[in-house]
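Below is the file entry01.csv, which contains CSV, C-alpha atoms and all ligand atoms.
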```
chain,number,residue,atom,x,y,z
I,1432,MET,CA,27.2,-61.8,13.5
I,1433,MET,CA,25.4,-64.1,11.2
I,1434,ASP,CA,26.5,-64.0,7.5
I,1435,PHE,CA,23.3,-64.3,5.4
I,1436,SER,CA,25.0,-63.9,2.0
I,1437,TRP,CA,24.8,-66.7,-0.5
I,1438,PRO,CA,27.8,-69.0,-0.7
I,1439,ALA,CA,29.9,-68.3,-3.8
I,1440,GLU,CA,29.3,-71.9,-5.1
I,1441,ASP,CA,25.5,-71.4,-5.0
I,1442,LEU,CA,25.8,-68.1,-6.9
I,1443,ARG,CA,28.0,-69.8,-9.5
I,1444,TYR,CA,25.3,-72.5,-9.8
I,1445,ARG,CA,22.6,-69.9,-10.2
I,1446,ASP,CA,24.5,-68.3,-13.1
I,1447,ASP,CA,24.9,-71.8,-14.7
I,1448,VAL,CA,21.2,-72.4,-14.4
I,1449,ILE,CA,20.4,-68.9,-16.0
I,1450,ARG,CA,22.8,-69.6,-18.9
I,1451,PHE,CA,21.3,-73.1,-19.4
I,1452,ALA,CA,17.7,-71.9,-19.3
I,1453,LYS,CA,18.3,-69.0,-21.7
I,1454,SER,CA,20.2,-71.1,-24.2
I,1455,GLU,CA,18.2,-74.4,-24.0
I,1456,LEU,CA,14.7,-73.9,-22.8
I,1457,ASN,CA,13.2,-70.9,-24.6
I,1458,ASP,CA,12.9,-71.9,-28.3
I,1459,ASP,CA,9.4,-72.0,-29.8
I,1460,ILE,CA,7.8,-70.9,-26.6
I,1461,ILE,CA,5.1,-68.9,-28.4
I,1462,THR,CA,4.0,-71.8,-30.5
I,1463,ARG,CA,4.1,-74.2,-27.6
I,1464,ASP,CA,2.0,-71.9,-25.5
I,1465,LYS,CA,-0.5,-71.3,-28.3
I,1466,GLU,CA,-0.8,-75.0,-28.9
I,1467,GLY,CA,-0.6,-76.1,-25.3
I,1468,ILE,CA,2.4,-78.4,-25.9
I,1469,PHE,CA,4.4,-79.8,-23.0
I,1470,SER,CA,8.0,-80.5,-24.3
I,1471,ARG,CA,9.3,-83.9,-23.1
I,1472,GLU,CA,12.6,-83.0,-24.8
I,1473,LEU,CA,13.0,-80.0,-22.5
I,1474,TRP,CA,12.0,-82.0,-19.5
I,1475,GLN,CA,14.9,-84.4,-20.4
I,1476,LYS,CA,17.3,-81.5,-20.9
I,1477,CYS,CA,16.5,-80.4,-17.4
I,1478,ALA,CA,17.1,-83.9,-16.1
I,1479,ASP,CA,20.4,-84.1,-17.9
I,1480,PHE,CA,21.5,-80.7,-16.6
I,1481,GLY,CA,20.6,-82.0,-13.1
I,1482,ILE,CA,17.5,-79.9,-12.2
I,1483,GLN,CA,15.4,-82.9,-11.0
I,1484,GLY,CA,18.5,-84.2,-9.3
I,1485,LEU,CA,18.3,-81.3,-6.8
I,1486,ALA,CA,15.4,-83.1,-5.0
I,1487,THR,CA,17.0,-86.5,-4.8
I,1488,PRO,CA,20.0,-87.6,-2.7
I,1489,GLN,CA,23.0,-88.9,-4.6
I,1490,LYS,CA,22.4,-92.5,-3.5
I,1491,PHE,CA,19.2,-92.5,-5.6
I,1492,GLY,CA,20.6,-90.6,-8.6
I,1493,GLY,CA,20.6,-87.1,-7.3
I,1494,ARG,CA,23.2,-84.3,-7.5
I,1495,LEU,CA,24.5,-84.0,-3.9
I,1496,PRO,CA,24.9,-86.4,-1.0
I,1497,GLU,CA,21.7,-84.9,0.6
I,1498,VAL,CA,19.1,-82.5,-0.8
I,1499,ASP,CA,20.4,-79.0,-0.3
I,1500,ILE,CA,17.4,-76.7,0.1
I,1501,LEU,CA,19.4,-73.4,-0.3
I,1502,ARG,CA,21.1,-74.7,-3.5
I,1503,SER,CA,17.6,-75.8,-4.8
I,1504,VAL,CA,16.0,-72.4,-4.0
I,1505,VAL,CA,18.7,-70.5,-5.8
I,1506,ALA,CA,18.4,-72.9,-8.8
I,1507,MET,CA,14.6,-72.7,-9.0
I,1508,GLU,CA,14.7,-68.9,-8.7
I,1509,ALA,CA,17.2,-68.8,-11.6
I,1510,LEU,CA,14.9,-71.1,-13.6
I,1511,GLY,CA,11.9,-68.9,-12.9
I,1512,TYR,CA,13.8,-65.9,-13.9
I,1513,ALA,CA,15.4,-67.2,-17.1
I,1514,CYS,CA,13.0,-69.9,-18.4
I,1515,LYS,CA,10.0,-68.4,-20.3
I,1516,ASP,CA,8.2,-71.8,-20.2
I,1517,GLY,CA,6.1,-71.3,-17.0
I,1518,GLY,CA,4.3,-74.7,-17.5
I,1519,LEU,CA,7.7,-76.5,-17.5
I,1520,VAL,CA,8.9,-74.7,-14.4
I,1521,LEU,CA,5.6,-75.4,-12.6
I,1522,GLY,CA,5.8,-79.1,-13.6
I,1523,LEU,CA,9.4,-79.4,-12.4
I,1524,ASN,CA,8.6,-77.8,-9.1
I,1525,ALA,CA,5.5,-79.9,-8.7
I,1526,GLN,CA,7.3,-83.2,-9.3
I,1527,MET,CA,10.5,-82.3,-7.4
I,1528,TRP,CA,8.9,-81.0,-4.2
I,1529,THR,CA,5.6,-82.8,-3.9
I,1530,VAL,CA,6.6,-86.2,-5.4
I,1531,GLN,CA,10.4,-86.8,-5.2
I,1532,MET,CA,10.7,-85.0,-1.8
I,1533,SER,CA,7.7,-86.8,-0.3
I,1534,ILE,CA,9.3,-90.1,-1.3
I,1535,VAL,CA,12.7,-89.0,0.1
I,1536,LEU,CA,11.1,-88.0,3.4
I,1537,PHE,CA,8.5,-90.7,3.9
I,1538,GLY,CA,9.2,-93.6,1.4
I,1539,THR,CA,10.8,-96.9,2.3
I,1540,ASP,CA,14.2,-97.8,0.9
I,1541,GLU,CA,12.5,-100.1,-1.6
I,1542,GLN,CA,10.2,-97.3,-2.8
I,1543,LYS,CA,13.1,-94.9,-3.0
I,1544,GLN,CA,15.0,-97.4,-5.1
I,1545,LYS,CA,12.1,-98.0,-7.3
I,1546,PHE,CA,10.9,-94.5,-8.1
I,1547,LEU,CA,13.6,-91.9,-7.4
I,1548,PRO,CA,16.2,-92.8,-10.0
I,1549,LYS,CA,13.6,-92.8,-12.8
I,1550,LEU,CA,12.0,-89.6,-11.7
I,1551,THR,CA,15.4,-88.0,-11.4
I,1552,ASN,CA,16.9,-89.1,-14.7
I,1553,GLY,CA,13.9,-87.8,-16.7
I,1554,GLU,CA,12.6,-91.3,-17.7
I,1555,TRP,CA,9.5,-90.9,-15.5
I,1556,LEU,CA,7.1,-88.1,-14.6
I,1557,GLY,CA,5.3,-88.1,-11.3
I,1558,ALA,CA,2.2,-86.4,-10.0
I,1559,HIS,CA,0.9,-85.6,-6.6
I,1560,ALA,CA,-2.9,-86.2,-6.5
I,1561,LEU,CA,-4.7,-84.7,-3.5
I,1562,THR,CA,-7.3,-82.3,-4.9
I,1563,GLU,CA,-10.9,-83.4,-5.6
I,1564,ALA,CA,-13.7,-81.4,-7.2
I,1565,GLU,CA,-15.5,-81.0,-3.9
I,1566,SER,CA,-12.5,-80.7,-1.5
I,1567,GLY,CA,-9.8,-78.3,-2.7
I,1568,SER,CA,-8.5,-76.3,0.2
I,1569,ASP,CA,-10.4,-78.7,2.5
I,1570,GLY,CA,-8.2,-81.7,1.6
I,1571,PHE,CA,-9.0,-83.8,4.6
I,1572,ASN,CA,-12.6,-84.0,3.5
I,1573,MET,CA,-11.7,-86.0,0.4
I,1574,THR,CA,-14.1,-88.7,-0.8
I,1575,MET,CA,-11.5,-91.1,-2.4
I,1576,THR,CA,-11.3,-94.3,-0.4
I,1577,ALA,CA,-8.8,-97.1,-0.2
I,1578,GLU,CA,-10.0,-100.5,0.6
I,1579,LYS,CA,-7.6,-103.3,1.7
I,1580,LYS,CA,-7.6,-106.2,-0.6
I,1581,ASP,CA,-5.4,-109.3,-1.1
I,1582,GLY,CA,-2.0,-108.0,-2.1
I,1583,GLY,CA,-2.7,-104.3,-1.7
I,1584,TYR,CA,-5.4,-101.6,-1.7
I,1585,MET,CA,-8.2,-100.7,-4.1
I,1586,LEU,CA,-8.6,-97.0,-4.5
I,1587,ASN,CA,-12.0,-95.6,-5.5
I,1588,GLY,CA,-12.5,-92.0,-6.5
I,1589,GLU,CA,-11.4,-89.2,-8.8
I,1590,LYS,CA,-8.9,-86.3,-8.5
I,1591,CYS,CA,-8.7,-83.0,-10.4
I,1592,LEU,CA,-6.3,-80.1,-11.1
I,1593,VAL,CA,-3.3,-82.4,-10.7
I,1594,THR,CA,-0.1,-81.1,-12.3
I,1595,LEU,CA,1.4,-83.5,-14.9
I,1596,ALA,CA,-1.4,-86.0,-14.4
I,1597,PRO,CA,-2.2,-86.6,-18.1
I,1598,ILE,CA,1.4,-87.7,-18.8
I,1599,ALA,CA,2.6,-89.0,-15.4
I,1600,ASP,CA,4.0,-92.5,-15.1
I,1601,MET,CA,3.2,-92.7,-11.4
I,1602,ALA,CA,1.3,-90.7,-8.9
I,1603,ILE,CA,1.2,-90.2,-5.1
I,1604,VAL,CA,-2.5,-90.5,-4.6
I,1605,PHE,CA,-4.2,-89.6,-1.3
I,1606,ALA,CA,-7.2,-91.7,-0.1
I,1607,ASN,CA,-9.0,-92.4,3.1
I,1608,VAL,CA,-8.6,-96.0,4.5
I,1609,ASN,CA,-11.3,-95.5,7.0
I,1610,PRO,CA,-13.7,-92.5,6.5
I,1611,LYS,CA,-15.0,-93.0,10.1
I,1612,LEU,CA,-11.6,-91.8,11.3
I,1613,GLY,CA,-12.0,-88.5,9.3
I,1614,LYS,CA,-8.6,-86.9,8.6
I,1615,TRP,CA,-6.7,-89.6,10.5
I,1616,GLY,CA,-7.8,-92.1,7.9
I,1617,VAL,CA,-6.1,-90.3,5.1
I,1618,SER,CA,-3.0,-92.1,3.7
I,1619,ALA,CA,-0.8,-91.8,0.6
I,1620,PHE,CA,-0.4,-94.5,-2.1
I,1621,LEU,CA,2.3,-94.8,-4.8
I,1622,VAL,CA,0.3,-95.7,-7.9
I,1623,GLU,CA,1.8,-96.6,-11.3
I,1624,LYS,CA,-0.1,-95.6,-14.4
I,1625,ASN,CA,-0.3,-99.2,-15.6
I,1626,SER,CA,-2.3,-100.2,-12.4
I,1627,ALA,CA,-5.7,-101.7,-13.2
I,1628,GLY,CA,-8.4,-99.0,-13.3
I,1629,TYR,CA,-6.0,-96.0,-13.5
I,1630,GLU,CA,-7.2,-93.4,-15.9
I,1631,ALA,CA,-5.8,-90.0,-16.7
I,1632,SER,CA,-7.9,-87.5,-18.7
I,1633,PRO,CA,-6.4,-85.3,-21.3
I,1634,VAL,CA,-5.4,-81.7,-20.6
I,1635,ARG,CA,-8.3,-79.2,-20.6
I,1636,ASP,CA,-8.0,-75.9,-22.4
I,1637,LYS,CA,-7.0,-73.3,-19.9
I,1638,MET,CA,-5.6,-69.8,-19.4
I,1639,GLY,CA,-1.9,-69.6,-18.5
I,1640,LEU,CA,0.5,-72.4,-17.7
I,1641,ARG,CA,-0.6,-74.0,-21.0
I,1642,THR,CA,2.7,-75.8,-21.7
Z,1701,LIG,C1,-1.7,-74.3,-11.3
Z,1701,LIG,C2,-2.3,-75.3,-10.3
Z,1701,LIG,C3,-1.6,-76.5,-10.1
Z,1701,LIG,C4,-2.2,-77.4,-9.2
Z,1701,LIG,N1,-1.5,-78.6,-9.0
Z,1701,LIG,C5,-2.1,-79.5,-8.2
Z,1701,LIG,C6,-1.4,-80.8,-7.9
Z,1701,LIG,O1,-0.4,-81.1,-8.5
Z,1701,LIG,N2,-2.0,-81.7,-7.1
Z,1701,LIG,C7,-3.2,-81.4,-6.5
Z,1701,LIG,O2,-3.7,-82.3,-5.7
Z,1701,LIG,N3,-3.8,-80.2,-6.6
Z,1701,LIG,C8,-3.3,-79.3,-7.5
Z,1701,LIG,N4,-3.9,-78.1,-7.7
Z,1701,LIG,C9,-5.2,-77.8,-7.0
Z,1701,LIG,C10,-5.0,-76.9,-5.8
Z,1701,LIG,O3,-4.3,-77.5,-4.7
Z,1701,LIG,C11,-6.4,-76.4,-5.4
Z,1701,LIG,O4,-6.8,-75.5,-6.4
Z,1701,LIG,C12,-6.4,-75.7,-4.1
Z,1701,LIG,O5,-6.2,-76.7,-3.0
Z,1701,LIG,C13,-7.7,-74.9,-3.9
Z,1701,LIG,O6,-8.8,-75.7,-4.0
Z,1701,LIG,P1,-10.0,-75.2,-5.0
Z,1701,LIG,O7,-9.5,-74.8,-6.3
Z,1701,LIG,O8,-11.1,-76.3,-4.9
Z,1701,LIG,O9,-10.5,-73.9,-4.2
Z,1701,LIG,P2,-11.5,-73.8,-3.0
Z,1701,LIG,O10,-11.1,-74.8,-1.9
Z,1701,LIG,O11,-12.9,-73.9,-3.4
Z,1701,LIG,O12,-11.2,-72.3,-2.5
Z,1701,LIG,C14,-11.7,-71.2,-3.2
Z,1701,LIG,C15,-11.4,-69.9,-2.5
Z,1701,LIG,O13,-12.0,-70.0,-1.1
Z,1701,LIG,C16,-11.0,-69.8,-0.1
Z,1701,LIG,N5,-11.3,-70.7,1.0
Z,1701,LIG,C17,-11.5,-72.0,1.0
Z,1701,LIG,N6,-11.8,-72.5,2.2
Z,1701,LIG,C18,-11.8,-71.4,3.0
Z,1701,LIG,C19,-12.0,-71.2,4.4
Z,1701,LIG,N7,-12.4,-72.2,5.2
Z,1701,LIG,N8,-11.9,-70.0,4.9
Z,1701,LIG,C20,-11.6,-68.9,4.1
Z,1701,LIG,N9,-11.4,-69.0,2.8
Z,1701,LIG,C21,-11.5,-70.2,2.3
Z,1701,LIG,C22,-9.7,-70.2,-0.8
Z,1701,LIG,O14,-8.6,-69.6,-0.2
Z,1701,LIG,C23,-9.9,-69.8,-2.2
Z,1701,LIG,O15,-9.6,-68.4,-2.3
Z,1701,LIG,C24,-3.4,-77.1,-8.5
Z,1701,LIG,C25,-4.0,-75.9,-8.8
Z,1701,LIG,C26,-3.5,-75.0,-9.7
Z,1701,LIG,C27,-4.2,-73.7,-9.9
```
Here is the file; what I need is its structure written in the form of structure tokens.
Amino acid sequence: MMDFSWPAEDLRYRDDVIRFAKSELNDDIITRDKEGIFSRELWQKCADFGIQGLATPQKFGGRLPEVDILRSVVAMEALGYACKDGGLVLGLNAQMWTVQMSIVLFGTDEQKQKFLPKLTNGEWLGAHALTEAESGSDGFNMTMTAEKKDGGYMLNGEKCLVTLAPIADMAIVFANVNPKLGKWGVSAFLVEKNSAGYEASPVRDKMGLRT
């Protein structure tokens, strides 16, 4: 018989996350929601507690030798339950699972060394930029192109609806290196915000997830 119950250690960690979220993350939430304020201080508290570290192996600054998906699920469920700041929880999940995890799975050692420690310790925020105004669900039909130049690629185009984009220090940006190849031309680029031509527009007023 298979035992599907949660290991005691995971349940203890879930309780730790609930205690942490209730005591550290919920102050001033009404004001922050009304004014649409993202709290960098709370982001840092989460990093110091080890939340971002769940999506990074220890070698690059993470919590455990390897990313433990069950431990992470229990932690993110606990955060969703106890933290009233939905924008913060969305931002954490977006960075951890679409930026950190993508680098963990597909990055080179050099890329892991460069980006993961900073994303994990709270120093940097990362975004995952796929969506465009004319190609949401239909991501492979993106119009952003990447042209090979001396020393790298030049990306040309615009993304939208990207979580954390206005304040991100780096982004994984998807672009097509050869539109004739259709979806097979799509590739991912690690772009730092200080790259020439990189522009992030301010947050638009929106309903929900305002923090
Ligand atoms: C809170 C939030 C955070 C986000 N964060 C990110 C992010 O970090 N990075 C990023 O790149 N994007 C992000 N997005 C964008 C998100 O990925 C897109 O909204 C999503 O891909 C859908 O695209 P769209 O909004 O253009 O809708 P559309 O593609 O226009 O779809 C509209 C509706 O039509 C339906 N539909 C579309 N095509 C078909 C079809 N062929 N058959 C049947 N039904 C269809 C869809 O299911 C949907 O109900 C975010 C969006 C939200 C709301």
What do you get as a VMD selection string if you pick all residues at most 6 Å from ligand LIG 1701 (chain Z), counting all atoms listed in the file? chain I and resid 1559 to 1562 1566 to 1569 1592 to 1594
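Restricting the calculation to only C-alpha atoms, the smallest distance between Asp1441 in chain I and any of I:Asn1524, I:Ser1503, I:Gln1475, I:Ser1470 is found for I:Ser1503.
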Just want the 9 Å neighbourhood of Phe1491 in chain I, counted on only C-alpha atoms, with same-chain residues fewer than 5 positions away dropped. Output as a list in words.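 The residues that qualify are Lys1543, Gln1544, Phe1546, Leu1547, Pro1548 and Thr1551 of chain I.
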Would you kindly return, as an MDAnalysis selection string, each protein, DNA or RNA residue with an atom no farther than 7 Å from any atom of range 1478-1486 of chain I, considering all atoms listed in the file and excluding same-chain residues fewer than 2 positions away? chainID I and resid 1474:1476 1488 1492:1494 1498 1503 1527:1528 1531:1532 1551:1553
Quick one: residues within 8 Å of range 1446-1463 of chain I, all atoms listed in the file, excluding same-chain residues fewer than 6 positions away - as a ChimeraX atom specification? /I:1469,1473,1476,1506,1509-1510,1512-1516,1642
With distances taken over all atoms listed in the file, which residue among I:Lys1611, I:Arg1443, I:Lys1637, I:Lys1590 lies nearest Met1575 in chain I?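 When distances to Met1575 in chain I are compared using all atoms listed in the file, the smallest one comes from I:Lys1590.
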Enter the distance from CA of Asn1587 in chain I to CA of Ala1599 in chain I, in Å, rounded to one decimal.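 Those two atoms sit 18.8 Å apart.
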Please report the interatomic distance between CA of Gly1538 in chain I and CA of Leu1621 in chain I in Å with one decimal.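 It comes out at 9.4 Å.
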Calculate how many Å separate CA of Ile1598 in chain I from CA of Pro1633 in chain I, rounding to one decimal. 8.5 Å
